[in-house]
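Trainee: Got a structure for you, questions after.
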Amino acid sequence: MVPKVTKVFIAEDSATTRAMLKTVLQRASDMEIVGEADNGASIVDKVASSRPDVVLMDIGLPGISGLEATKKLKERNPDLRIIMVTSNESDGVIFDAFSSGADGYYLKSNSADTLLQAVRTVVSGAAWLHPAIAGRVLRSCVRGASKLVDKKRHPDHKVSKHDNVCTLVNLASELEQAERIDECEAVYEGAIALNERLNTEHDAGEALLITLFADMLYNHEKFVKAEELYLKALDLRHQALGYEHSDVASSLENLANLYDTRSNYAEAEHYYFWSLKIREKLSGPDDPLTHDTCSKLAWVYRAQGKTDLAAEMDLKAGRKK
């Protein structure tokens, strides 16, 4: 099968940089340069006529800036992928670039291979962030929380600190639905960092925020970091709620599910069993949640060859009120 060719448009006012970008792209058999512009004023019409898949956008274009051009292009074609190409490592500029609709942020100091990786990544529907840029996006999310809220609310509306955290969580959810997972992760970290600044004491609310982040990571098979966050949420819930609480049982099952997915059945057994004891004490043996935990525990017993214990759990799971 012949691989799909990605059509790339270059918007860059420096002839030297344009030549460099063209040289890199021309070496790739899966990419084709379909147009170029050296100013922001002409880019919208040129992109419309050349119909690229990806635009490499210089932030400092004359005429209208690359940020403004990105907004205009995204308004006309939300599916168009845009990578900002710049030497600017300012936190504020990075944040503004993604707020404008950019799908990637490429530093001119990065390698040629990195540019090709960025193009291929955004074409696949994901966002592209260099690791160093991801950290800057995180910090920008924290400092820019009020700005994000202001865009979504009436300008006269008084914004609370709690609103800022909630807005970041909503933004993270939108990014996850758009499969922009790297940005989603950065925004969740920003929400957690902001929440920690606003609250001097750890509480169950922080545990919920961390759990939402961990759930997202788990769903996208980022298990190591998800495990770390689930453990942190469990510890916070212990401190805030004590050991016998339904939220603690939920945290235990989050960990058990993760270990079960990774075939670490001994750890899964430990956390399912602990959760079961809490559920039985709080809700009784006939509660649907208790039955569900029994079924999960039966599975991990069976996976370890503990057939007698599995049969016992199957029996408990089948009890009727």
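For the structure tokens, the naming scheme is as follows: chains receive sequential letters (A, B, ...) according to their order of presentation, residues are indexed from 1 within each chain, and ligands are indexed from 1 in presentation order.
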As a PyMOL selection string, which residues of range 64-311 of chain A does DSSP assign to strand (DSSP E)?

Mentor: chain A and resi 81-86+104-107+128-129

Trainee: Using C-alpha atoms, can you write the selected residues to a file as a compact mmCIF listing (two decimals), in the first residue's frame?

Mentor:
```txt
# COMPACT_ATOMS: atom_id res chain seq x y z
CA ARG A 81 -3.33 21.06 11.62
CA ILE A 82 -0.99 23.91 12.54
CA ILE A 83 2.49 23.71 14.06
CA MET A 84 4.03 26.91 15.37
CA VAL A 85 7.65 27.27 14.20
CA THR A 86 9.65 29.70 16.31
CA GLY A 104 2.14 21.68 17.93
CA TYR A 105 5.02 23.92 18.95
CA TYR A 106 8.36 23.39 17.19
CA LEU A 107 11.52 25.21 18.22
CA TRP A 128 2.84 17.45 19.47
CA LEU A 129 4.86 18.91 22.30
```

Trainee: Once DSSP has gone over the backbone, tell me which residues of range 42-140 of chain A are in helix (DSSP H, G or I), as number ranges by chain.

Mentor: A: 43-50, 66-76, 91-99, 112-123, 131-140

Trainee: Next, write the just-selected residues to a file, as a compact mmCIF listing (two decimals), in the first residue's frame, keeping C-alpha atoms as the atom set.

Mentor:
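selection24.txt, written as the output of this step:
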```txt
# COMPACT_ATOMS: atom_id res chain seq x y z
CA ILE A 43 -1.65 33.27 4.11
CA VAL A 44 -5.41 32.71 4.48
CA ASP A 45 -6.10 32.87 0.73
CA LYS A 46 -3.00 30.86 -0.17
CA VAL A 47 -3.89 28.08 2.27
CA ALA A 48 -7.45 28.02 0.93
CA SER A 49 -6.18 27.48 -2.62
CA SER A 50 -3.44 24.94 -1.81
CA GLY A 66 1.21 33.85 13.17
CA LEU A 67 -1.09 33.69 16.19
CA GLU A 68 -3.77 35.77 14.48
CA ALA A 69 -3.33 33.83 11.24
CA THR A 70 -3.77 30.58 13.16
CA LYS A 71 -7.06 31.81 14.62
CA LYS A 72 -8.35 32.80 11.19
CA LEU A 73 -7.34 29.50 9.58
CA LYS A 74 -8.86 27.43 12.39
CA GLU A 75 -12.13 29.37 12.13
CA ARG A 76 -12.34 28.46 8.43
CA ASP A 91 5.84 30.77 28.59
CA GLY A 92 3.21 33.35 27.62
CA VAL A 93 3.77 32.90 23.90
CA ILE A 94 3.56 29.11 24.19
CA PHE A 95 0.26 29.40 26.04
CA ASP A 96 -1.11 31.93 23.54
CA ALA A 97 -0.11 29.65 20.65
CA PHE A 98 -2.17 26.74 21.93
CA SER A 99 -5.01 29.04 22.94
CA ALA A 112 15.25 17.87 11.51
CA ASP A 113 13.96 14.47 12.66
CA THR A 114 11.97 16.25 15.35
CA LEU A 115 10.21 18.36 12.72
CA LEU A 116 9.16 15.28 10.76
CA GLN A 117 7.98 13.65 13.97
CA ALA A 118 5.92 16.73 14.80
CA VAL A 119 4.25 16.79 11.38
CA ARG A 120 3.43 13.08 11.46
CA THR A 121 2.09 13.34 15.00
CA VAL A 122 -0.35 16.18 14.34
CA VAL A 123 -1.54 14.55 11.11
CA PRO A 131 9.16 17.60 26.47
CA ALA A 132 10.63 20.98 27.40
CA ILE A 133 7.56 22.71 25.93
CA ALA A 134 5.18 20.47 27.87
CA GLY A 135 6.61 21.89 31.08
CA ARG A 136 6.06 25.41 29.84
CA VAL A 137 2.47 24.63 28.89
CA LEU A 138 1.92 23.34 32.42
CA ARG A 139 3.20 26.53 33.99
CA SER A 140 1.23 28.65 31.54
```

Trainee: One number please: CA of Phe273 in chain A to CA of Glu228 in chain A, in Å, one decimal.

Mentor: 20.1 Å

Trainee: With distances taken over only C-alpha atoms, which residue among A:Ile33, A:Cys294, A:Gly60, A:Glu221 lies nearest Ala19 in chain A?

Mentor: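 Under the stated criterion, the closest residue is A:Ile33.
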
Trainee: For Ala303 in chain A, which residue among A:Ala266, A:Ala127, A:Leu282, A:Ala41 is the nearest when counting only C-alpha atoms?

Mentor: A:Ala266

Trainee: For Ala172 in chain A, find every residue with an atom within 10 Å (counting only C-alpha atoms), except residues of its own chain fewer than 3 positions away, and show them as a ChimeraX atom specification.

Mentor: /A:166-169,175-178,180-181,183-191,213,216

Trainee: For CA of Phe9 in chain A and CA of Leu171 in chain A, determine how far apart the two atoms are, in Å to one decimal place.

Mentor: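 About the pair CA of Phe9 in chain A and CA of Leu171 in chain A: they are 28.9 Å apart.
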